[in-house]
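File shown: coords-v2.txt. Contents: compact mmCIF, C-alpha atoms.
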# COMPACT_ATOMS: atom_id res chain seq x y z
CA MET A 87 -5.58 -11.58 -13.19
CA ARG A 88 -6.01 -8.49 -11.04
CA GLY A 89 -7.93 -8.94 -7.81
CA GLY A 90 -7.45 -5.37 -6.69
CA ASP A 91 -11.02 -4.42 -6.13
CA PRO A 92 -12.07 -7.23 -3.76
CA ALA A 93 -8.76 -6.82 -1.91
CA ALA A 94 -9.36 -3.08 -1.57
CA TYR A 95 -12.91 -3.73 -0.47
CA ALA A 96 -11.68 -6.10 2.24
CA VAL A 97 -9.88 -3.10 3.76
CA LEU A 98 -13.21 -1.26 3.88
CA VAL A 99 -14.91 -4.27 5.48
CA ARG A 100 -12.22 -4.35 8.16
CA ARG A 101 -12.47 -0.60 8.72
CA TYR A 102 -16.27 -0.32 8.87
CA GLY A 103 -17.17 -3.82 10.14
CA GLY A 104 -17.40 -2.64 13.75
CA ILE A 105 -19.76 0.29 13.19
CA ALA A 106 -21.84 -1.81 10.78
CA ARG A 107 -22.28 -4.54 13.36
CA ARG A 108 -23.11 -2.08 16.12
CA THR A 109 -25.65 -0.39 13.87
CA ALA A 110 -27.37 -3.65 12.97
CA ALA A 111 -27.46 -4.75 16.61
CA VAL A 112 -28.73 -1.44 17.97
CA LEU A 113 -31.41 -1.17 15.27
CA GLY A 114 -32.73 -4.57 16.37
CA ALA A 115 -31.21 -7.25 14.12
CA GLY A 116 -30.85 -9.54 17.15
CA ALA A 117 -29.70 -13.05 16.27
CA ASP A 118 -29.53 -12.06 12.60
CA THR A 119 -26.88 -9.39 13.21
CA ASP A 120 -23.97 -11.18 11.53
CA ASP A 121 -26.08 -12.19 8.54
CA VAL A 122 -27.35 -8.64 8.17
CA VAL A 123 -23.84 -7.19 8.23
CA GLN A 124 -22.50 -9.68 5.71
CA GLU A 125 -25.45 -9.11 3.39
CA ALA A 126 -25.07 -5.33 3.68
CA PHE A 127 -21.38 -5.42 2.70
CA VAL A 128 -22.10 -7.65 -0.29
CA LYS A 129 -24.97 -5.41 -1.43
CA ALA A 130 -22.83 -2.32 -0.99
CA TYR A 131 -20.14 -3.89 -3.18
CA ARG A 132 -22.66 -4.76 -5.89
CA ALA A 133 -23.97 -1.20 -5.84
CA LEU A 134 -20.55 0.47 -5.90
CA GLY A 135 -21.14 1.59 -9.44
CA THR A 136 -24.19 3.67 -8.46
CA PHE A 137 -22.22 6.12 -6.35
CA ARG A 138 -22.04 9.75 -6.96
CA ASP A 139 -18.40 10.73 -7.13
CA GLY A 140 -17.20 12.03 -3.81
CA ALA A 141 -20.06 10.56 -1.77
CA PRO A 142 -18.86 9.31 1.61
CA PHE A 143 -19.01 5.57 2.22
CA ARG A 144 -20.07 5.36 5.85
CA PRO A 145 -23.59 6.87 5.84
CA TRP A 146 -24.42 4.99 2.69
CA LEU A 147 -23.22 1.69 4.12
CA LEU A 148 -25.16 2.29 7.32
CA ARG A 149 -28.29 2.99 5.31
CA ILE A 150 -27.92 -0.40 3.64
CA VAL A 151 -27.37 -1.96 7.08
CA ALA A 152 -30.58 -0.26 8.32
CA ASN A 153 -32.55 -1.57 5.32
CA GLU A 154 -31.18 -5.09 5.75
CA THR A 155 -32.04 -4.97 9.45
CA ARG A 156 -35.61 -4.01 8.59
CA ASN A 157 -35.83 -6.84 6.05
CA ALA A 158 -34.48 -9.32 8.58
CA ARG A 159 -37.01 -8.16 11.18
CA ARG A 160 -39.85 -8.44 8.71
CA SER A 161 -38.97 -11.97 7.81
CA ALA A 162 -38.46 -12.82 11.48
CA GLY A 163 -41.91 -11.33 12.03
CA ARG A 164 -43.38 -13.72 9.50
CA ARG A 165 -41.64 -16.64 11.17
CA PHE A 166 -42.28 -15.87 14.81
CA ALA A 167 -45.24 -13.53 14.72
CA ARG A 168 -44.35 -10.28 16.49
CA GLU A 169 -40.87 -10.12 17.94
CA ALA A 170 -39.77 -7.38 20.31
CA ALA A 171 -37.03 -5.07 19.09
CA GLN A 172 -34.30 -6.29 21.38
CA LEU A 173 -31.36 -4.03 22.01
CA PRO A 174 -28.03 -5.77 22.57
CA PRO A 175 -27.29 -6.88 26.15
CA LEU A 176 -25.75 -4.39 28.55
CA ALA A 177 -22.15 -4.68 29.66
CA ALA A 178 -21.87 -6.58 32.94
CA THR A 179 -19.79 -3.88 34.60
CA ILE A 180 -22.61 -1.46 35.41
CA GLU A 181 -23.39 -3.32 38.68
CA ASP A 182 -25.35 -1.26 41.20
CA ARG A 183 -27.14 1.02 38.76
CA HIS A 184 -27.84 -1.84 36.38
CA ALA A 185 -31.46 -2.31 37.40
CA ASP A 186 -32.69 1.15 36.50
CA LEU A 187 -30.71 1.08 33.28
CA GLU A 188 -32.33 -2.24 32.36
CA LEU A 189 -35.69 -0.65 33.03
CA PHE A 190 -34.79 2.31 30.85
CA ARG A 191 -33.59 -0.02 28.11
CA ALA A 192 -36.96 -1.80 28.20
CA GLN A 193 -38.69 1.56 27.75
CA VAL A 194 -36.58 2.34 24.71
CA GLU A 195 -37.31 -1.10 23.28
CA ALA A 196 -41.01 -0.51 23.83
CA LEU A 197 -41.10 2.66 21.74
CA PRO A 198 -42.98 2.48 18.46
CA GLU A 199 -40.62 1.21 15.77
CA HIS A 200 -40.15 4.52 13.94
CA GLN A 201 -39.34 6.37 17.17
CA ARG A 202 -37.06 3.62 18.45
CA LEU A 203 -34.98 3.73 15.27
CA VAL A 204 -34.48 7.47 15.52
CA ILE A 205 -33.49 7.23 19.18
CA ALA A 206 -31.09 4.40 18.40
CA CYS A 207 -29.41 6.39 15.64
CA ARG A 208 -29.23 9.68 17.50
CA PHE A 209 -28.21 8.46 20.94
CA LEU A 210 -26.91 4.88 20.74
CA LEU A 211 -24.97 5.33 17.50
CA ASP A 212 -24.27 9.02 18.13
CA LEU A 213 -25.28 10.12 14.63
CA ASP A 214 -26.36 13.71 14.09
CA GLU A 215 -29.72 14.67 12.57
CA THR A 216 -28.39 14.75 9.02
CA GLN A 217 -26.68 11.38 9.32
CA THR A 218 -29.75 9.87 10.98
CA ALA A 219 -31.90 11.15 8.13
CA GLN A 220 -29.53 9.58 5.60
CA VAL A 221 -29.31 6.24 7.37
CA LEU A 222 -33.06 5.89 7.90
CA GLY A 223 -34.01 7.42 4.57
CA ILE A 224 -36.28 10.10 6.08
CA SER A 225 -36.14 13.90 6.16
CA ARG A 226 -34.33 15.88 8.83
CA GLY A 227 -37.65 17.38 9.88
CA THR A 228 -39.01 13.89 10.49
CA VAL A 229 -35.91 13.02 12.51
CA LYS A 230 -36.49 16.12 14.67
CA SER A 231 -40.19 15.47 15.26
CA ARG A 232 -39.76 11.76 15.96
CA THR A 233 -36.90 12.48 18.37
CA TYR A 234 -39.05 15.03 20.16
CA ARG A 235 -42.02 12.66 20.46
CA ALA A 236 -39.85 9.72 21.51
CA LEU A 237 -38.17 11.76 24.26
CA ALA A 238 -41.58 12.97 25.47
CA ARG A 239 -42.84 9.41 25.55
CA LEU A 240 -39.80 8.14 27.45
CA ARG A 241 -40.13 10.98 29.94
CA ASP A 242 -43.79 10.17 30.55
CA SER A 243 -43.58 6.39 30.69
CA VAL A 244 -41.71 5.89 33.96
CA PRO A 245 -39.62 8.28 36.02
CA ALA A 246 -36.17 8.53 34.49
CA PRO A 247 -33.54 6.45 36.28
CA GLU A 248 -31.81 8.11 39.18
CA VAL A 249 -28.57 9.71 38.12
CA THR A 250 -25.90 10.35 40.69
CA SER A 251 -22.64 12.05 39.88
CA MET B 753 -31.50 24.11 37.34
CA THR B 754 -31.75 20.97 35.24
CA ARG B 755 -34.39 20.44 32.65
CA PRO B 756 -36.17 17.08 32.63
CA ASP B 757 -34.58 16.28 29.27
CA ASP B 758 -31.11 16.54 30.78
CA ASP B 759 -31.79 13.43 32.87
CA MET B 760 -33.26 11.76 29.84
CA LEU B 761 -30.21 12.57 27.73
CA THR B 762 -27.93 11.40 30.52
CA SER B 763 -29.82 8.12 30.66
CA LEU B 764 -29.52 7.70 26.92
CA ALA B 765 -25.78 8.41 27.11
CA ARG B 766 -25.43 5.83 29.88
CA LEU B 767 -27.42 3.34 27.85
CA ALA B 768 -25.22 3.99 24.82
CA GLY B 769 -22.14 3.35 26.94
CA ALA B 770 -23.59 0.17 28.41
CA VAL B 771 -24.89 -1.41 25.22
CA ARG B 772 -22.24 -3.91 24.30
CA VAL B 773 -21.75 -5.03 20.73
CA ASP B 774 -18.77 -7.22 19.94
CA PRO B 775 -16.68 -6.36 16.88
CA PRO B 776 -17.13 -8.67 13.91
CA THR B 777 -14.95 -11.76 13.72
CA ASP B 778 -12.49 -12.34 10.88
CA ASP B 779 -15.17 -14.55 9.33
CA LEU B 780 -16.92 -11.39 8.14
CA ILE B 781 -14.02 -10.42 5.88
CA THR B 782 -13.53 -14.02 4.72
CA ASP B 783 -17.22 -14.52 3.98
CA VAL B 784 -17.70 -11.19 2.21
CA ARG B 785 -14.52 -11.78 0.21
CA ALA B 786 -15.70 -15.26 -0.84
CA ARG B 787 -18.98 -13.82 -2.08
CA ILE B 788 -17.67 -10.75 -3.91
CA ASP B 789 -14.81 -12.63 -5.57
CA ARG B 790 -17.49 -14.40 -7.60
CA LEU B 791 -19.15 -11.13 -8.64
CA PRO B 792 -18.22 -9.01 -11.62
CA VAL B 793 -16.32 -5.83 -10.78
CA PRO B 794 -19.01 -3.14 -10.41
CA VAL B 795 -19.14 -0.48 -13.11
CA PRO B 796 -20.50 3.03 -12.45
CA ARG B 797 -23.89 3.84 -13.90
CA SER B 798 -25.23 7.21 -14.85
CA GLY B 799 -27.65 9.10 -12.60
CA PRO B 800 -31.44 8.81 -12.40
CA ARG B 801 -33.37 9.05 -15.63
CA LYS B 802 -36.47 11.18 -15.90
CA SER B 803 -37.87 10.64 -19.34
CA LEU B 804 -37.71 8.42 -22.36
CA ASN B 805 -35.38 10.90 -24.03
CA ALA B 806 -33.17 10.92 -20.99
CA LEU B 807 -33.21 7.14 -21.01
CA LEU B 808 -32.19 6.99 -24.66
CA ASP B 809 -29.56 9.60 -24.01
CA SER B 810 -28.27 7.56 -21.16
CA LEU B 811 -28.17 4.41 -23.28
CA ARG B 812 -26.16 6.27 -25.87
CA ARG B 813 -23.83 7.55 -23.18
CA HIS B 814 -23.50 4.03 -21.80
CA ARG B 815 -22.46 2.70 -25.15
CA ARG B 816 -19.83 5.40 -25.44
CA ALA B 817 -18.68 4.85 -21.90
CA ALA B 818 -18.33 1.11 -22.45
CA THR B 819 -16.19 1.78 -25.50
CA ALA B 820 -14.01 4.24 -23.60
CA VAL B 821 -13.46 1.74 -20.80
CA ALA B 822 -12.55 -1.03 -23.23
CA VAL B 823 -10.11 1.19 -25.10
CA ALA B 824 -8.58 2.38 -21.87
CA LEU B 825 -8.09 -1.21 -20.77
CA LEU B 826 -6.37 -2.04 -24.03
CA LEU B 827 -4.12 0.96 -23.73
CA THR B 828 -3.09 0.37 -20.17
CA LEU B 829 -3.51 -2.98 -18.52
CA VAL B 830 -2.87 -1.61 -15.08
CA ALA B 831 -5.59 1.07 -15.12
CA VAL B 832 -7.62 1.07 -11.93
CA SER B 833 -11.25 0.23 -12.60
CA PRO B 834 -13.77 2.96 -11.76
CA ALA B 835 -15.02 0.90 -8.84
CA GLY B 836 -11.47 0.49 -7.61
CA ALA B 837 -11.02 4.23 -7.80
CA GLN B 838 -14.24 4.72 -5.85
CA ILE B 839 -13.06 2.36 -3.13
CA ALA B 840 -9.61 3.93 -2.95
CA GLN B 841 -11.15 7.36 -2.61
CA TRP B 842 -12.97 6.19 0.51
CA LEU B 843 -9.89 4.55 1.87
CA GLY B 844 -7.09 7.03 1.85
CA ILE B 845 -4.46 6.47 4.47
CA GLY B 846 -3.76 8.99 7.19
CA ALA B 847 -2.97 12.29 5.51
CA VAL B 848 -2.79 10.72 2.07
CA GLN B 849 -5.77 10.84 -0.19
CA ILE B 850 -5.89 8.75 -3.31
CA VAL B 851 -7.84 10.03 -6.27
CA PRO B 852 -8.34 8.68 -9.75
CA ALA B 853 -6.26 10.40 -12.40
CA PRO B 854 -5.13 9.88 -15.96
CA ALA B 855 -1.93 7.96 -16.59
CA PRO B 856 1.13 9.91 -15.40
CA PRO B 857 3.21 11.96 -17.83
CA ALA B 858 6.26 10.23 -19.27
CA GLY B 859 9.64 10.91 -17.70
CA PRO B 860 11.74 9.48 -14.91
CA ALA B 861 10.61 9.73 -11.30
CA ASP B 862 13.06 11.70 -9.15
CA PRO B 863 12.58 11.07 -5.43
CA ALA B 864 15.22 13.68 -4.58
CA ALA B 865 13.39 16.53 -6.32
CA ALA B 866 12.97 19.16 -3.65
CA ASP B 867 9.64 20.77 -4.58
CA GLY B 868 10.57 24.04 -2.91
CA PHE B 869 11.48 22.27 0.34
CA THR B 870 14.38 23.75 2.32
CA ALA B 871 17.41 21.77 3.46
CA VAL B 872 17.81 21.46 7.23
CA ASP B 873 19.54 18.99 9.51
CA LEU B 874 17.82 16.34 11.58
CA ALA B 875 18.02 18.38 14.79
CA GLN B 876 16.49 21.45 13.09
CA ALA B 877 13.75 19.31 11.61
CA ARG B 878 13.00 17.79 15.01
CA ALA B 879 12.87 21.28 16.53
CA GLN B 880 10.43 22.54 13.92
CA THR B 881 7.93 19.70 13.87
CA THR B 882 5.33 18.80 16.45
CA PHE B 883 5.49 15.07 15.84
CA PRO B 884 8.29 12.57 16.54
CA LEU B 885 10.44 11.96 13.46
CA VAL B 886 11.53 8.41 12.80
CA VAL B 887 14.59 7.03 11.01
CA PRO B 888 14.37 3.48 9.62
CA ALA B 889 17.21 1.39 11.10
CA GLU B 890 17.34 -0.71 7.92
CA ILE B 891 18.74 2.19 5.88
CA GLY B 892 20.38 4.31 8.58
CA PRO B 893 20.47 8.11 8.93
CA PRO B 894 19.52 10.14 5.84
CA SER B 895 22.05 12.25 3.94
CA GLU B 896 19.56 15.07 3.43
CA VAL B 897 16.63 16.35 5.45
CA LEU B 898 14.13 18.68 3.83
CA LEU B 899 11.33 20.72 5.32
CA SER B 900 8.20 21.59 3.33
CA PRO B 901 7.28 25.27 2.73
CA GLY B 902 4.65 25.16 5.50
CA GLY B 903 6.84 23.08 7.80
CA THR B 904 4.27 20.29 7.84
CA VAL B 905 6.16 17.63 5.89
CA VAL B 906 9.64 16.37 6.63
CA SER B 907 11.42 14.52 3.83
CA MET B 908 14.51 12.43 4.35
CA VAL B 909 16.60 11.53 1.32
CA TRP B 910 19.16 8.79 0.74
CA PRO B 911 20.72 9.95 -2.59
CA THR B 912 22.43 6.64 -3.34
CA GLY B 913 19.38 4.59 -2.51
CA ASP B 914 18.86 1.61 -0.26
CA PRO B 915 22.33 0.61 1.16
CA ALA B 916 21.35 -3.05 0.71
CA ALA B 917 20.78 -2.45 -3.01
CA PRO B 918 22.29 0.89 -4.06
CA GLY B 919 20.45 2.56 -6.88
CA PRO B 920 18.15 5.54 -7.43
CA PRO B 921 17.46 7.85 -4.47
CA VAL B 922 15.11 6.82 -1.69
CA ARG B 923 12.86 9.38 -0.02
CA LEU B 924 10.81 9.12 3.17
CA ASP B 925 8.09 11.72 3.80
CA GLN B 926 6.58 12.13 7.26
CA VAL B 927 3.38 14.07 7.75
CA ALA B 928 1.35 14.66 10.90
CA GLY B 929 -2.31 15.40 11.10
CA GLN B 930 -5.12 14.30 8.90
CA VAL B 931 -7.00 17.49 8.17
CA ASP B 932 -4.79 20.51 7.69
CA TYR B 933 -2.29 19.03 5.33
CA THR B 934 -3.10 16.57 2.65
CA VAL B 935 -0.74 14.79 0.36
CA VAL B 936 -2.82 13.88 -2.60
CA LYS B 937 -1.69 11.03 -4.73
CA ARG B 938 -3.09 10.84 -8.17
CA TYR B 939 -2.78 7.48 -9.73
CA GLY B 940 -3.43 5.79 -12.99
CA GLU B 941 -2.30 2.35 -12.01
CA ASP B 942 -3.06 -0.50 -9.70
CA ILE B 943 -2.44 -0.48 -5.98
CA ASP B 944 -1.47 -3.39 -3.73
CA PHE B 945 -3.06 -3.46 -0.33
CA THR B 946 -0.69 -4.65 2.35
CA ARG B 947 0.02 -4.21 6.07
CA VAL B 948 2.83 -2.70 8.12
CA ASP B 949 2.75 -3.85 11.74
CA GLY B 950 -1.01 -4.32 11.65
CA ALA B 951 -1.79 -0.99 9.96
CA ASP B 952 -3.22 -0.80 6.46
CA ALA B 953 -0.64 0.15 3.85
CA PHE B 954 -0.74 0.87 0.15
CA TRP B 955 1.97 -0.09 -2.31
CA LEU B 956 1.89 1.91 -5.55
CA ARG B 957 4.26 0.04 -7.75
CA VAL B 958 4.67 2.25 -10.81
CA PRO B 959 5.33 5.97 -11.24
CA HIS B 960 2.35 8.23 -10.54
CA PRO B 961 1.79 11.96 -10.18
CA LEU B 962 2.17 13.16 -6.62
CA VAL B 963 0.65 16.42 -5.42
CA TYR B 964 1.35 18.06 -2.09
CA THR B 965 -1.52 20.30 -1.10
CA ASP B 966 -1.28 22.63 1.84
CA VAL B 967 -4.76 23.70 2.79
CA THR B 968 -4.02 25.40 6.08
CA GLY B 969 -6.08 28.52 6.54
CA ALA B 970 -5.37 31.19 3.97
CA GLY B 971 -2.38 29.50 2.42
CA HIS B 972 -2.65 27.06 -0.41
CA THR B 973 0.48 25.76 -2.04
CA GLU B 974 0.71 22.92 -4.46
CA ARG B 975 3.80 21.11 -5.65
CA SER B 976 3.52 18.37 -8.16
CA ARG B 977 5.98 15.84 -9.50
CA VAL B 978 6.10 12.26 -10.68
CA ALA B 979 6.76 9.77 -7.90
CA GLY B 980 8.29 6.31 -8.21
CA PRO B 981 7.16 3.10 -6.47
CA THR B 982 5.81 4.11 -3.08
CA LEU B 983 4.72 2.52 0.17
CA ILE B 984 2.26 4.51 2.28
CA TRP B 985 1.41 3.62 5.87
CA THR B 986 0.66 5.19 9.22
CA ASP B 987 2.41 5.04 12.57
CA GLY B 988 0.09 6.49 15.19
CA PRO B 989 -0.77 10.07 14.14
CA VAL B 990 2.00 10.22 11.54
CA THR B 991 1.57 9.23 7.91
CA LEU B 992 4.67 8.00 6.12
CA ARG B 993 5.45 7.49 2.47
CA LEU B 994 8.58 5.71 1.36
CA GLU B 995 9.53 6.20 -2.25
CA GLY B 996 12.23 4.71 -4.42
CA VAL B 997 12.58 1.20 -2.97
CA ALA B 998 12.33 -1.31 -5.79
CA THR B 999 10.21 -4.05 -4.24
CA LYS B 1000 7.23 -4.14 -1.93
CA ASP B 1001 8.79 -6.70 0.41
CA ARG B 1002 11.93 -4.60 0.91
CA ALA B 1003 9.85 -1.44 1.39
CA VAL B 1004 7.76 -3.15 4.07
CA GLN B 1005 10.96 -4.41 5.73
CA ILE B 1006 12.32 -0.85 5.86
CA ALA B 1007 8.97 0.48 7.09
CA ARG B 1008 8.99 -2.02 9.96
CA SER B 1009 12.44 -0.79 11.06
CA VAL B 1010 11.39 2.72 12.04
CA GLY B 1011 11.88 3.39 15.70
Mind turning this structure into structure tokens?
Amino acid sequence: MRGGDPAAYAVLVRRYGGIARRTAAVLGAGADTDDVVQEAFVKAYRALGTFRDGAPFRPWLLRIVANETRNARRSAGRRFAREAAQLPPLAATIEDRHADLELFRAQVEALPEHQRLVIACRFLLDLDETQTAQVLGISRGTVKSRTYRALARLRDSVPAPEVTS
Amino acid sequence: MTRPDDDMLTSLARLAGAVRVDPPTDDLITDVRARIDRLPVPVPRSGPRKSLNALLDSLRRHRRAATAVAVALLLTLVAVSPAGAQIAQWLGIGAVQIVPAPAPPAGPADPAAADGFTAVDLAQARAQTTFPLVVPAEIGPPSEVLLSPGGTVVSMVWPTGDPAAPGPPVRLDQVAGQVDYTVVKRYGEDIDFTRVDGADAFWLRVPHPLVYTDVTGAGHTERSRVAGPTLIWTDGPVTLRLEGVATKDRAVQIARSVG
């Protein structure tokens, strides 16, 4: 019996597991992050046959991760009423400037969902506009306008944290 | 003069750097593997359907496609499934891209075939390449060293094969870079997925067409021949392919001895 396909797929899981987990966490999967990532990889495998030849794997996988994250948050919403979109914890090495960064993080978390997702993709996952559009399943124009509005909102909410060089 | 957004973007960059997400544990691979091993191997479907006619058309195409797949499986037991081909296309290794292709033409594989490469010695090859060349200790220095037309691939040849098991020639290709030069492997058979010192490696166990494609700037050269059993792996920025060793275990052993 051949087992080539699952074995090959395991290589993909190893290669893209890190970015998938970061994406789920940054988009707000919280405690469900590992479940979301596992589910996304299984769904991606089941849907392998639907691919257009030559389509790249990464943006498509991340789109499934984004959808699974949304599903997980919806069901968490049903269980625990409204849950804040928690970003992952910050590294402990930031020290002295930690406080203002924590404040800034809270502002990002407080953005309306659709703006928060765009900001997370563009700046925390470092995706470009096209990739963000693919992952979130919206148009590039929508990515642009939501980014613009989110940045304006962040700028207005509290003074930006002090940056020293 | 800084614009307000500059501070904002700096803050976002700092936030991105400070947000810590651990990599997945090995459980992820184990768990996904356990779940997909129970699933049928996915089969490609046709594109979106717009009308009843298109739907009927598509059903007809499906029936034909299913027949073609079944016949193909009967003809060649080692054919890679379409889903396997899709996965392999995303994988690649270093400068090697793997694409689905029909079964290779009949005829013996000849690892020593020079493909328009020029003979040089090891010192000349080292002088003309920008990456460090390796020689596997397991099989010692090569008898021949060949340089590709563009100077981007170095091939080492052992005409009498692996000293531990003399036989057909063994050839080691070394390629640097992942964009400018691509060695495209076309395959019509199964691939084993293995590891060499922690890096992903592919073992192609039966002969397959091999195409060297030089896509640097204006130039485009292509040399094609049938390749024998091959191990492909990477060592830092260099992609290596070892051809002509009879077994996977021995090929991996030789691959581990480069230094």
Pairwise distance, atom CA of A:Gly227 with atom CA of A:Val204, equals 11.8 Å
So that I can see what lies close to A:Cys207, please list as a count of residues only the residues with an atom at most 6 Å from it, counting all atoms listed in the file and leaving out residues fewer than 4 positions away in the same chain. 3
Kindly assemble as CSV a list of the stretch 216-239 of chain A residues that lie within 10 Å of stretch 188-199 of chain A, each paired with its nearest atom pair and their distance in Å to one decimal, using only C-alpha atoms, sorted first by chain and then by ascending residue number.
residue,atom,partner,partner_atom,distance
A:Ala236,CA,A:Leu197,CA,7.2
A:Leu237,CA,A:Val194,CA,9.6
A:Arg239,CA,A:Leu197,CA,7.9
When you draw a straight line from atom CA of B:Pro792 to atom CA of A:Lys129, how long is it in Å?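 Atom CA of B:Pro792 sits 12.7 Å away from atom CA of A:Lys129.
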Please, what distance in Å, to one decimal, runs between atom CA of A:Asn157 and atom CA of A:Glu125?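 Atom CA of A:Asn157 sits 11.0 Å away from atom CA of A:Glu125.
Of the listed residues (B:Thr912, B:Gln876, B:Thr882, B:Thr946), B:Thr946 comes nearest to chain A; the distances count only C-alpha atoms.
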Restricting the calculation to only C-alpha atoms, which member of B:Ala979, B:Val927, B:Ala875, B:Val922 is positioned closest to B:Arg957?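 Using only C-alpha atoms, B:Arg957 sits closest to B:Ala979.
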Would you list the contacts of stretch 108-114 of chain A as a list in words, taking every protein, DNA or RNA residue within 8 Å and counting only C-alpha atoms, but skipping same-chain residues closer than 3 positions in sequence? Gly104, Ile105, Thr119, Val122, Val123, Leu148, Val151, Ala152, Thr155, Arg159, Ala171, Gln172, Leu173, Pro174, Leu203, Ala206, Cys207, Leu210 and Leu211 of chain A; Val773, Asp774 and Pro775 of chain B
Which residue is closest to chain A? Choose from B:Trp955, B:Phe945, B:Phe883, B:Trp985 and count all atoms listed in the file.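 Distance minimum relative to chain A lands on B:Phe945.
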Calculate, to one decimal in Å, the centre and edge lengths of the box along x, y and z of the file that holds all listed atoms of stretch 120-133 of chain A with 5 Å of margin on each side, and present them as AutoDock Vina command-line options.
--center_x -23.7 --center_y -6.7 --center_z 2.8 --size_x 17.2 --size_y 21.0 --size_z 27.4
With a distance cut-off of 6 Å and all atoms listed in the file, select the neighbouring residues of stretch 175-177 of chain A, excluding the residue or stretch itself and same-chain residues fewer than 5 positions from it, and output the selection as a PDB file with C-alpha atoms, in the frame of the given file.
ATOM      1  CA  ALA B 770     -23.590   0.170  28.410  1.00  0.00           C
ATOM      2  CA  VAL B 771     -24.890  -1.410  25.220  1.00  0.00           C
ATOM      3  CA  ARG B 772     -22.240  -3.910  24.300  1.00  0.00           C
TER       4      ARG B 772
END
Polymer residues at most 10 Å from (11.9, 19.7, 10.2) by all atoms listed in the file, as an NGL selection string: :B and (870-883 or 885 or 897-900 or 903-908 or 926)
